[in-house]
>>> print(open('target_22.pdb').read())   # PDB, C-alpha atoms, pLDDT in the B column
ATOM      1  CA  MET A 194     -11.180  -4.161  -6.252  1.00 29.00           C
ATOM      2  CA  GLU A 195      -9.092  -6.311  -3.931  1.00 32.00           C
ATOM      3  CA  LYS A 196      -7.195  -4.436  -1.252  1.00 34.00           C
ATOM      4  CA  THR A 197      -3.405  -4.479  -1.526  1.00 37.00           C
ATOM      5  CA  HIS A 198      -0.441  -2.584  -0.056  1.00 37.00           C
ATOM      6  CA  THR A 199      -2.527  -0.433   2.288  1.00 36.00           C
ATOM      7  CA  THR A 200      -0.292  -0.158   5.351  1.00 35.00           C
ATOM      8  CA  ARG A 201       2.249   2.379   4.094  1.00 36.00           C
ATOM      9  CA  SER A 202       2.704   4.931   1.343  1.00 42.00           C
ATOM     10  CA  GLN A 203       5.328   2.944  -0.517  1.00 45.00           C
ATOM     11  CA  ALA A 204       7.235  -0.285  -0.005  1.00 44.00           C
ATOM     12  CA  MET A 205      10.716   0.321   1.349  1.00 50.00           C
ATOM     13  CA  GLY A 206      13.251   0.690  -1.408  1.00 64.00           C
ATOM     14  CA  ILE A 207      15.731  -2.036  -2.281  1.00 80.00           C
ATOM     15  CA  GLU A 208      19.024  -1.144  -0.648  1.00 85.00           C
ATOM     16  CA  GLY A 209      22.672  -2.192  -0.564  1.00 85.00           C
ATOM     17  CA  ALA A 210      23.907  -5.365  -2.230  1.00 85.00           C
ATOM     18  CA  MET A 211      20.453  -6.342  -3.497  1.00 82.00           C
ATOM     19  CA  ALA A 212      20.033  -3.003  -5.269  1.00 81.00           C
ATOM     20  CA  ARG A 213      23.464  -3.307  -6.849  1.00 85.00           C
ATOM     21  CA  TRP A 214      22.718  -6.892  -7.991  1.00 75.00           C
ATOM     22  CA  TYR A 215      19.448  -5.737  -9.545  1.00 73.00           C
ATOM     23  CA  ALA A 216      21.217  -2.896 -11.335  1.00 75.00           C
ATOM     24  CA  ARG A 217      23.709  -5.344 -12.876  1.00 81.00           C
ATOM     25  CA  GLN A 218      20.943  -7.688 -14.070  1.00 72.00           C
ATOM     26  CA  ARG A 219      19.181  -4.809 -15.816  1.00 77.00           C
ATOM     27  CA  GLY A 220      22.362  -3.813 -17.636  1.00 75.00           C
ATOM     28  CA  SER A 221      22.665  -6.540 -20.297  1.00 80.00           C
ATOM     29  CA  ALA A 222      23.095  -5.269 -23.871  1.00 85.00           C
ATOM     30  CA  PRO A 223      19.604  -6.380 -25.059  1.00 83.00           C
ATOM     31  CA  GLN A 224      17.944  -4.688 -22.084  1.00 83.00           C
ATOM     32  CA  VAL A 225      19.879  -1.442 -22.504  1.00 90.00           C
ATOM     33  CA  ALA A 226      18.998  -1.412 -26.218  1.00 92.00           C
ATOM     34  CA  ALA A 227      15.320  -1.953 -25.349  1.00 91.00           C
ATOM     35  CA  VAL A 228      15.432   0.885 -22.828  1.00 94.00           C
ATOM     36  CA  ARG A 229      16.978   3.177 -25.436  1.00 95.00           C
ATOM     37  CA  ARG A 230      14.167   2.377 -27.881  1.00 96.00           C
ATOM     38  CA  TYR A 231      11.550   2.869 -25.179  1.00 95.00           C
ATOM     39  CA  ALA A 232      13.010   6.249 -24.201  1.00 97.00           C
ATOM     40  CA  ALA A 233      12.703   7.417 -27.790  1.00 97.00           C
ATOM     41  CA  GLN A 234       9.138   6.101 -28.005  1.00 96.00           C
ATOM     42  CA  LEU A 235       8.047   7.743 -24.734  1.00 96.00           C
ATOM     43  CA  THR A 236       9.414  11.158 -25.635  1.00 97.00           C
ATOM     44  CA  ALA A 237       8.665  11.212 -29.367  1.00 96.00           C
ATOM     45  CA  SER A 238       5.843  13.756 -29.062  1.00 94.00           C
ATOM     46  CA  LEU A 239       7.568  16.052 -26.558  1.00 97.00           C
ATOM     47  CA  PRO A 240       9.106  19.400 -27.531  1.00 94.00           C
ATOM     48  CA  GLY A 241      12.849  19.716 -27.162  1.00 90.00           C
ATOM     49  CA  GLY A 242      13.963  20.364 -23.597  1.00 93.00           C
ATOM     50  CA  ALA A 243      10.664  19.236 -22.081  1.00 98.00           C
ATOM     51  CA  ALA A 244      10.630  18.400 -18.359  1.00 98.00           C
ATOM     52  CA  VAL A 245      10.304  14.694 -17.515  1.00 98.00           C
ATOM     53  CA  LEU A 246       9.855  13.075 -14.105  1.00 98.00           C
ATOM     54  CA  GLU A 247      10.632   9.396 -13.595  1.00 98.00           C
ATOM     55  CA  VAL A 248       9.064   8.044 -10.408  1.00 98.00           C
ATOM     56  CA  ALA A 249      11.145   5.173  -8.991  1.00 95.00           C
ATOM     57  CA  PRO A 250      13.887   5.170 -11.658  1.00 95.00           C
ATOM     58  CA  GLY A 251      15.839   2.418  -9.881  1.00 93.00           C
ATOM     59  CA  PRO A 252      19.350   2.198 -11.341  1.00 94.00           C
ATOM     60  CA  GLY A 253      18.543   5.000 -13.778  1.00 95.00           C
ATOM     61  CA  TYR A 254      18.839   3.364 -17.201  1.00 95.00           C
ATOM     62  CA  LEU A 255      15.682   4.974 -18.593  1.00 97.00           C
ATOM     63  CA  ALA A 256      16.327   8.357 -16.998  1.00 98.00           C
ATOM     64  CA  VAL A 257      19.791   8.501 -18.553  1.00 97.00           C
ATOM     65  CA  GLU A 258      18.521   7.556 -22.004  1.00 97.00           C
ATOM     66  CA  MET A 259      15.824  10.241 -21.874  1.00 98.00           C
ATOM     67  CA  ALA A 260      18.436  12.789 -20.811  1.00 98.00           C
ATOM     68  CA  ARG A 261      20.634  11.734 -23.751  1.00 97.00           C
ATOM     69  CA  LEU A 262      17.757  12.784 -26.004  1.00 97.00           C
ATOM     70  CA  GLY A 263      17.955  16.328 -24.677  1.00 97.00           C
ATOM     71  CA  PHE A 264      15.172  16.347 -22.082  1.00 98.00           C
ATOM     72  CA  GLU A 265      15.299  17.838 -18.590  1.00 98.00           C
ATOM     73  CA  VAL A 266      15.009  14.686 -16.469  1.00 98.00           C
ATOM     74  CA  THR A 267      14.306  14.397 -12.759  1.00 98.00           C
ATOM     75  CA  GLY A 268      14.037  11.138 -10.818  1.00 98.00           C
ATOM     76  CA  LEU A 269      12.573  10.311  -7.413  1.00 98.00           C
ATOM     77  CA  ASP A 270      13.243   6.986  -5.688  1.00 96.00           C
ATOM     78  CA  MET A 271      12.573   5.585  -2.205  1.00 93.00           C
ATOM     79  CA  SER A 272      15.914   3.739  -2.211  1.00 93.00           C
ATOM     80  CA  HIS A 273      18.993   5.679  -1.104  1.00 93.00           C
ATOM     81  CA  THR A 274      21.172   3.120  -2.931  1.00 94.00           C
ATOM     82  CA  PHE A 275      19.311   3.569  -6.210  1.00 94.00           C
ATOM     83  CA  VAL A 276      19.612   7.358  -5.877  1.00 95.00           C
ATOM     84  CA  GLU A 277      23.380   6.894  -5.637  1.00 94.00           C
ATOM     85  CA  ILE A 278      23.557   4.357  -8.488  1.00 94.00           C
ATOM     86  CA  ALA A 279      21.365   6.395 -10.850  1.00 96.00           C
ATOM     87  CA  SER A 280      23.244   9.620 -10.077  1.00 96.00           C
ATOM     88  CA  GLU A 281      26.580   7.934 -10.773  1.00 95.00           C
ATOM     89  CA  ARG A 282      25.250   6.410 -13.998  1.00 94.00           C
ATOM     90  CA  ALA A 283      24.171   9.846 -15.215  1.00 97.00           C
ATOM     91  CA  ARG A 284      27.556  11.310 -14.303  1.00 97.00           C
ATOM     92  CA  ARG A 285      29.390   8.602 -16.228  1.00 95.00           C
ATOM     93  CA  ALA A 286      27.094   9.101 -19.221  1.00 96.00           C
ATOM     94  CA  GLY A 287      27.836  12.816 -19.198  1.00 97.00           C
ATOM     95  CA  VAL A 288      24.193  13.866 -18.862  1.00 97.00           C
ATOM     96  CA  SER A 289      22.379  15.961 -16.284  1.00 96.00           C
ATOM     97  CA  VAL A 290      19.754  14.022 -14.316  1.00 97.00           C
ATOM     98  CA  ARG A 291      18.562  15.223 -10.912  1.00 96.00           C
ATOM     99  CA  ILE A 292      17.780  12.242  -8.665  1.00 96.00           C
ATOM    100  CA  GLU A 293      16.090  12.766  -5.284  1.00 96.00           C
ATOM    101  CA  GLN A 294      14.993  10.447  -2.490  1.00 96.00           C
ATOM    102  CA  GLY A 295      11.292  10.433  -1.642  1.00 96.00           C
ATOM    103  CA  ASP A 296       7.833   8.877  -1.715  1.00 95.00           C
ATOM    104  CA  ALA A 297       5.623   8.535  -4.798  1.00 96.00           C
ATOM    105  CA  ALA A 298       2.572   9.456  -2.713  1.00 97.00           C
ATOM    106  CA  ASP A 299       4.121  12.774  -1.640  1.00 97.00           C
ATOM    107  CA  LEU A 300       6.088  14.168  -4.572  1.00 98.00           C
ATOM    108  CA  PRO A 301       8.303  17.099  -3.509  1.00 97.00           C
ATOM    109  CA  PHE A 302       7.620  19.104  -6.655  1.00 98.00           C
ATOM    110  CA  ASP A 303       5.444  22.104  -7.526  1.00 98.00           C
ATOM    111  CA  ASP A 304       2.144  21.809  -9.332  1.00 98.00           C
ATOM    112  CA  ALA A 305       2.354  21.669 -13.143  1.00 98.00           C
ATOM    113  CA  SER A 306       6.136  21.113 -13.202  1.00 98.00           C
ATOM    114  CA  PHE A 307       6.451  18.334 -15.811  1.00 98.00           C
ATOM    115  CA  ASP A 308       5.366  17.529 -19.351  1.00 98.00           C
ATOM    116  CA  LEU A 309       5.707  13.764 -18.850  1.00 98.00           C
ATOM    117  CA  VAL A 310       5.734  11.484 -15.802  1.00 98.00           C
ATOM    118  CA  VAL A 311       7.040   7.924 -16.136  1.00 98.00           C
ATOM    119  CA  CYS A 312       6.879   5.057 -13.640  1.00 98.00           C
ATOM    120  CA  GLN A 313       8.432   1.773 -14.732  1.00 94.00           C
ATOM    121  CA  ALA A 314       8.288  -1.562 -12.851  1.00 89.00           C
ATOM    122  CA  ALA A 315       7.461   0.036  -9.490  1.00 93.00           C
ATOM    123  CA  PHE A 316       3.788   0.985  -9.272  1.00 96.00           C
ATOM    124  CA  LYS A 317       2.807  -2.384  -7.773  1.00 94.00           C
ATOM    125  CA  ASN A 318       4.884  -1.475  -4.703  1.00 91.00           C
ATOM    126  CA  PHE A 319       2.971   1.712  -3.904  1.00 95.00           C
ATOM    127  CA  GLY A 320       0.830   1.428  -0.788  1.00 93.00           C
ATOM    128  CA  ARG A 321      -1.503   4.259  -1.856  1.00 96.00           C
ATOM    129  CA  PRO A 322      -1.826   3.802  -5.624  1.00 97.00           C
ATOM    130  CA  VAL A 323      -4.659   6.290  -6.116  1.00 98.00           C
ATOM    131  CA  ARG A 324      -2.751   8.899  -4.114  1.00 98.00           C
ATOM    132  CA  ALA A 325       0.325   8.237  -6.288  1.00 98.00           C
ATOM    133  CA  MET A 326      -1.792   8.789  -9.419  1.00 98.00           C
ATOM    134  CA  ASP A 327      -3.213  11.982  -7.924  1.00 98.00           C
ATOM    135  CA  GLU A 328       0.326  13.232  -7.273  1.00 98.00           C
ATOM    136  CA  MET A 329       1.315  12.460 -10.862  1.00 98.00           C
ATOM    137  CA  HIS A 330      -1.747  14.420 -12.007  1.00 98.00           C
ATOM    138  CA  ARG A 331      -0.829  17.361  -9.751  1.00 98.00           C
ATOM    139  CA  VAL A 332       2.746  17.756 -11.013  1.00 98.00           C
ATOM    140  CA  LEU A 333       1.791  17.352 -14.687  1.00 98.00           C
ATOM    141  CA  ARG A 334       1.166  20.375 -16.870  1.00 98.00           C
ATOM    142  CA  GLY A 335      -2.115  20.562 -18.730  1.00 97.00           C
ATOM    143  CA  GLY A 336      -2.033  18.196 -21.708  1.00 97.00           C
ATOM    144  CA  GLY A 337       0.746  16.132 -20.120  1.00 98.00           C
ATOM    145  CA  THR A 338       0.733  12.360 -19.766  1.00 98.00           C
ATOM    146  CA  ALA A 339       1.711   9.922 -17.044  1.00 98.00           C
ATOM    147  CA  VAL A 340       2.895   6.520 -18.286  1.00 98.00           C
ATOM    148  CA  ILE A 341       2.947   3.551 -15.920  1.00 98.00           C
ATOM    149  CA  HIS A 342       4.755   0.466 -17.216  1.00 94.00           C
ATOM    150  CA  ASP A 343       4.556  -2.545 -14.917  1.00 93.00           C
ATOM    151  CA  LEU A 344       3.978  -6.265 -14.590  1.00 88.00           C
ATOM    152  CA  ASN A 345       0.636  -7.619 -15.760  1.00 89.00           C
ATOM    153  CA  ARG A 346      -1.078  -9.645 -13.049  1.00 87.00           C
ATOM    154  CA  ASP A 347      -2.576 -11.808 -15.800  1.00 83.00           C
ATOM    155  CA  ALA A 348       0.782 -12.676 -17.433  1.00 71.00           C
ATOM    156  CA  SER A 349       1.394 -16.415 -17.790  1.00 66.00           C
ATOM    157  CA  GLY A 350       4.409 -18.450 -16.706  1.00 64.00           C
ATOM    158  CA  ALA A 351       5.302 -18.821 -20.379  1.00 69.00           C
ATOM    159  CA  ASP A 352       5.226 -15.023 -20.789  1.00 66.00           C
ATOM    160  CA  ILE A 353       7.664 -14.633 -17.887  1.00 63.00           C
ATOM    161  CA  GLY A 354       9.944 -17.343 -19.269  1.00 65.00           C
ATOM    162  CA  GLU A 355      10.125 -15.601 -22.650  1.00 66.00           C
ATOM    163  CA  GLU A 356      10.856 -12.240 -21.031  1.00 63.00           C
ATOM    164  CA  VAL A 357      13.773 -13.699 -19.040  1.00 62.00           C
ATOM    165  CA  ARG A 358      15.105 -15.487 -22.140  1.00 72.00           C
ATOM    166  CA  ARG A 359      15.292 -12.159 -23.994  1.00 71.00           C
ATOM    167  CA  MET A 360      17.415 -10.693 -21.208  1.00 66.00           C
ATOM    168  CA  GLU A 361      20.278 -13.042 -22.204  1.00 64.00           C
ATOM    169  CA  LEU A 362      21.391 -13.712 -18.634  1.00 68.00           C
ATOM    170  CA  ASN A 363      23.453 -16.688 -17.527  1.00 76.00           C
ATOM    171  CA  ARG A 364      21.612 -19.746 -16.181  1.00 73.00           C
ATOM    172  CA  LEU A 365      21.904 -18.827 -12.502  1.00 73.00           C
ATOM    173  CA  ASN A 366      20.805 -15.232 -12.960  1.00 69.00           C
ATOM    174  CA  SER A 367      17.965 -16.361 -15.223  1.00 69.00           C
ATOM    175  CA  VAL A 368      16.602 -18.460 -12.352  1.00 60.00           C
ATOM    176  CA  LEU A 369      17.262 -15.671  -9.843  1.00 55.00           C
ATOM    177  CA  THR A 370      15.323 -13.277 -12.085  1.00 66.00           C
ATOM    178  CA  ARG A 371      12.420 -15.549 -13.007  1.00 57.00           C
ATOM    179  CA  VAL A 372      11.570 -16.491  -9.406  1.00 59.00           C
ATOM    180  CA  PRO A 373      11.105 -12.913  -8.108  1.00 59.00           C
ATOM    181  CA  LEU A 374       9.202 -11.937 -11.275  1.00 62.00           C
ATOM    182  CA  THR A 375       6.767 -14.770 -10.583  1.00 60.00           C
ATOM    183  CA  MET A 376       6.393 -13.633  -6.989  1.00 64.00           C
ATOM    184  CA  LEU A 377       6.079  -9.945  -7.872  1.00 68.00           C
ATOM    185  CA  LYS A 378       3.296 -10.739 -10.327  1.00 68.00           C
ATOM    186  CA  ARG A 379       1.084 -11.507  -7.342  1.00 78.00           C
ATOM    187  CA  ARG A 380       1.454  -7.863  -6.231  1.00 81.00           C
ATOM    188  CA  ALA A 381       0.809  -6.488  -9.709  1.00 90.00           C
ATOM    189  CA  TYR A 382      -2.426  -5.118 -11.130  1.00 95.00           C
ATOM    190  CA  SER A 383      -4.549  -6.400 -13.988  1.00 95.00           C
ATOM    191  CA  ARG A 384      -5.962  -4.225 -16.772  1.00 95.00           C
ATOM    192  CA  ALA A 385      -9.333  -4.026 -15.007  1.00 96.00           C
ATOM    193  CA  GLN A 386      -7.714  -3.047 -11.704  1.00 97.00           C
ATOM    194  CA  PHE A 387      -5.729  -0.242 -13.346  1.00 97.00           C
ATOM    195  CA  GLU A 388      -8.907   1.044 -14.962  1.00 98.00           C
ATOM    196  CA  ARG A 389     -10.641   1.131 -11.573  1.00 98.00           C
ATOM    197  CA  LEU A 390      -7.691   2.893  -9.929  1.00 98.00           C
ATOM    198  CA  ALA A 391      -7.660   5.518 -12.682  1.00 98.00           C
ATOM    199  CA  ALA A 392     -11.415   6.057 -12.280  1.00 98.00           C
ATOM    200  CA  GLU A 393     -10.859   6.833  -8.577  1.00 98.00           C
ATOM    201  CA  SER A 394      -7.997   9.236  -9.313  1.00 98.00           C
ATOM    202  CA  ALA A 395      -7.921  12.793 -10.621  1.00 98.00           C
ATOM    203  CA  PHE A 396      -7.275  11.407 -14.118  1.00 98.00           C
ATOM    204  CA  ARG A 397     -10.691   9.619 -14.171  1.00 98.00           C
ATOM    205  CA  THR A 398      -9.726   7.458 -17.127  1.00 98.00           C
ATOM    206  CA  CYS A 399      -6.766   5.700 -18.742  1.00 98.00           C
ATOM    207  CA  ASP A 400      -5.643   3.736 -21.790  1.00 98.00           C
ATOM    208  CA  VAL A 401      -4.151   0.298 -21.025  1.00 97.00           C
ATOM    209  CA  ARG A 402      -2.168  -1.851 -23.462  1.00 95.00           C
ATOM    210  CA  ALA A 403      -0.672  -5.290 -22.863  1.00 90.00           C
ATOM    211  CA  ASP A 404       2.801  -6.192 -24.140  1.00 84.00           C
ATOM    212  CA  GLY A 405       4.244  -9.542 -23.075  1.00 79.00           C
ATOM    213  CA  ILE A 406       4.420  -9.651 -19.277  1.00 84.00           C
ATOM    214  CA  THR A 407       3.738  -5.931 -18.905  1.00 86.00           C
ATOM    215  CA  LEU A 408       0.943  -3.387 -19.086  1.00 95.00           C
ATOM    216  CA  GLU A 409       1.445   0.160 -20.289  1.00 97.00           C
ATOM    217  CA  VAL A 410      -1.039   2.551 -18.688  1.00 98.00           C
ATOM    218  CA  ARG A 411      -1.382   6.064 -20.101  1.00 98.00           C
ATOM    219  CA  LEU A 412      -3.130   8.755 -18.070  1.00 98.00           C
ATOM    220  CA  THR A 413      -3.563  12.207 -19.603  1.00 98.00           C
ATOM    221  CA  LYS A 414      -4.274  15.474 -17.822  1.00 98.00           C
ATOM    222  CA  PRO A 415      -6.631  17.682 -19.836  1.00 96.00           C
ATOM    223  CA  ALA A 416      -5.121  20.819 -21.325  1.00 91.00           C
TER     224      ALA A 416
END
>>> encode(input="target_22.pdb", output="structure tokens")
Amino acid sequence: MEKTHTTRSQAMGIEGAMARWYARQRGSAPQVAAVRRYAAQLTASLPGGAAVLEVAPGPGYLAVEMARLGFEVTGLDMSHTFVEIASERARRAGVSVRIEQGDAADLPFDDASFDLVVCQAAFKNFGRPVRAMDEMHRVLRGGGTAVIHDLNRDASGADIGEEVRRMELNRLNSVLTRVPLTMLKRRAYSRAQFERLAAESAFRTCDVRADGITLEVRLTKPA
């Protein structure tokens, strides 16, 4: 597997004005509706009140929607700005979400603390991806699942164009979103690379599904 992101545990988080711009771009009505559907899908098999960890929740849209469904949600992000934004979003939504600052390769949580771990649109930035998977495995309870949702390295330019179109942004922000997506794709993993990473981790195996420009990777800890 090609070597990527090996010099640090995790890329530095987006901070300040850039983080706030990103949060606004992710807040269009179609995107929020999609996040709400995805939250319901992710948690459909969980018992009420189950403990969920979102690694790198960014502005907190998904974390808030999972909390709305009655789950005990914790988030951990490298970015101080995103911790502030996500915490404020939860407060305004009237839900309890605990957001902490920290590194995906060194989760500050006890073993077997969560029923579900989610990582959306951030895994490609982790400098020690196998270590991050091992940490997800450690904090999961037996029978729990980690779900990684991220860019597909094999996505085409047409796939990216369609994804941006569905966001319903204005022309300028569409361009400003498409360009970084194209660049970030170069950091992303393919299906085969995810399978190799999982094989090196404590999970040993994974299930990978493609959907548009993204891959959904499911890693389950045996009961």
>>> residues_around(input="target_22.pdb", residues="Ala279 in chain A", least_positions_apart="5", cutoff="7 Å", atoms="all atoms listed in the file", output="mmCIF file with C-alpha atoms, in the frame of the given file")
data_model
loop_
_atom_site.group_PDB
_atom_site.id
_atom_site.type_symbol
_atom_site.label_atom_id
_atom_site.label_comp_id
_atom_site.auth_asym_id
_atom_site.auth_seq_id
_atom_site.Cartn_x
_atom_site.Cartn_y
_atom_site.Cartn_z
ATOM 1 C CA GLY A 251 15.839 2.418 -9.881
ATOM 2 C CA PRO A 252 19.350 2.198 -11.341
ATOM 3 C CA GLY A 253 18.543 5.000 -13.778
#
>>> residues_near_point(input="target_22.pdb", point="(-5.2, 11.5, -14.2)", cutoff="7 Å", atoms="only C-alpha atoms", output="PyMOL selection string")
chain A and resi 326-327+330+391+394-398+412-414
>>> axis_aligned_box(input="target_22.pdb", around="range 383-391 of chain A", padding_each_side="8 Å", output="lines of an AutoDock Vina configuration file")
center_x = -7.6
center_y = -0.4
center_z = -13.4
size_x = 22.1
size_y = 27.9
size_z = 22.8
>>> atom_distance(input="target_22.pdb", atom1="CA of Pro223 in chain A", atom2="CA of Thr267 in chain A")
24.7 Å
>>> resolve_selection(input="target_22.pdb", expression="the PyMOL selection byres ((chain A and resi 214) around 12)", output="list in words")
Ile207, Glu208, Gly209, Ala210, Met211, Ala212, Arg213, Tyr215, Ala216, Arg217, Gln218, Arg219, Gly220, Gly251, Pro252, Thr274, Phe275, Ile278, Asn366, Leu369 and Thr370 of chain A
>>> resolve_selection(input="target_22.pdb", expression="the PyMOL selection byres ((chain A and resi 324) around 12)", output="list of chain:residue names")
A:Thr199, A:Arg201, A:Ser202, A:Gln203, A:Asp296, A:Ala297, A:Ala298, A:Asp299, A:Leu300, A:Phe316, A:Phe319, A:Gly320, A:Arg321, A:Pro322, A:Val323, A:Ala325, A:Met326, A:Asp327, A:Glu328, A:Met329, A:His330, A:Arg331, A:Leu390, A:Ala391, A:Glu393, A:Ser394, A:Ala395, A:Phe396
>>> residues_around(input="target_22.pdb", residues="Gly335 in chain A", least_positions_apart="3", cutoff="8 Å", atoms="all atoms listed in the file", output="PyMOL selection string")
chain A and resi 305+414-416
>>> resolve_selection(input="target_22.pdb", expression="the PyMOL selection byres ((chain A and resi 247) around 10)", output="mmCIF file with C-alpha atoms, in the coordinates of the input")
data_model
loop_
_atom_site.group_PDB
_atom_site.id
_atom_site.type_symbol
_atom_site.label_atom_id
_atom_site.label_comp_id
_atom_site.auth_asym_id
_atom_site.auth_seq_id
_atom_site.Cartn_x
_atom_site.Cartn_y
_atom_site.Cartn_z
ATOM 1 C CA VAL A 245 10.304 14.694 -17.515
ATOM 2 C CA LEU A 246 9.855 13.075 -14.105
ATOM 3 C CA VAL A 248 9.064 8.044 -10.408
ATOM 4 C CA ALA A 249 11.145 5.173 -8.991
ATOM 5 C CA PRO A 250 13.887 5.170 -11.658
ATOM 6 C CA GLY A 251 15.839 2.418 -9.881
ATOM 7 C CA GLY A 253 18.543 5.000 -13.778
ATOM 8 C CA LEU A 255 15.682 4.974 -18.593
ATOM 9 C CA ALA A 256 16.327 8.357 -16.998
ATOM 10 C CA MET A 259 15.824 10.241 -21.874
ATOM 11 C CA VAL A 266 15.009 14.686 -16.469
ATOM 12 C CA THR A 267 14.306 14.397 -12.759
ATOM 13 C CA GLY A 268 14.037 11.138 -10.818
ATOM 14 C CA LEU A 269 12.573 10.311 -7.413
ATOM 15 C CA ASP A 270 13.243 6.986 -5.688
ATOM 16 C CA ILE A 292 17.780 12.242 -8.665
ATOM 17 C CA LEU A 309 5.707 13.764 -18.850
ATOM 18 C CA VAL A 310 5.734 11.484 -15.802
ATOM 19 C CA VAL A 311 7.040 7.924 -16.136
ATOM 20 C CA CYS A 312 6.879 5.057 -13.640
ATOM 21 C CA GLN A 313 8.432 1.773 -14.732
ATOM 22 C CA ALA A 339 1.711 9.922 -17.044
ATOM 23 C CA VAL A 340 2.895 6.520 -18.286
ATOM 24 C CA ILE A 341 2.947 3.551 -15.920
#
>>> atom_distance(input="target_22.pdb", atom1="CA of Pro240 in chain A", atom2="CA of Ala226 in chain A")
23.1 Å
>>> closest_residue(input="target_22.pdb", among="A:Asp308, A:Gln294, A:Arg380, A:Asn318", to="Leu239 in chain A", atoms="only C-alpha atoms")
A:Asp308
>>> atom_distance(input="target_22.pdb", atom1="CA of Thr338 in chain A", atom2="CA of Arg379 in chain A")
26.9 Å
>>> closest_residue(input="target_22.pdb", among="A:Leu333, A:Ala283, A:Val257, A:Ala314", to="Phe302 in chain A", atoms="all atoms listed in the file")
A:Leu333
>>> closest_residue(input="target_22.pdb", among="A:Val276, A:Val225, A:Leu365, A:Ala260", to="Gly241 in chain A", atoms="only C-alpha atoms")
A:Ala260
>>> closest_residue(input="target_22.pdb", among="A:Val401, A:Phe307, A:Ala385, A:Glu293", to="Gly336 in chain A", atoms="all atoms listed in the file")
A:Phe307
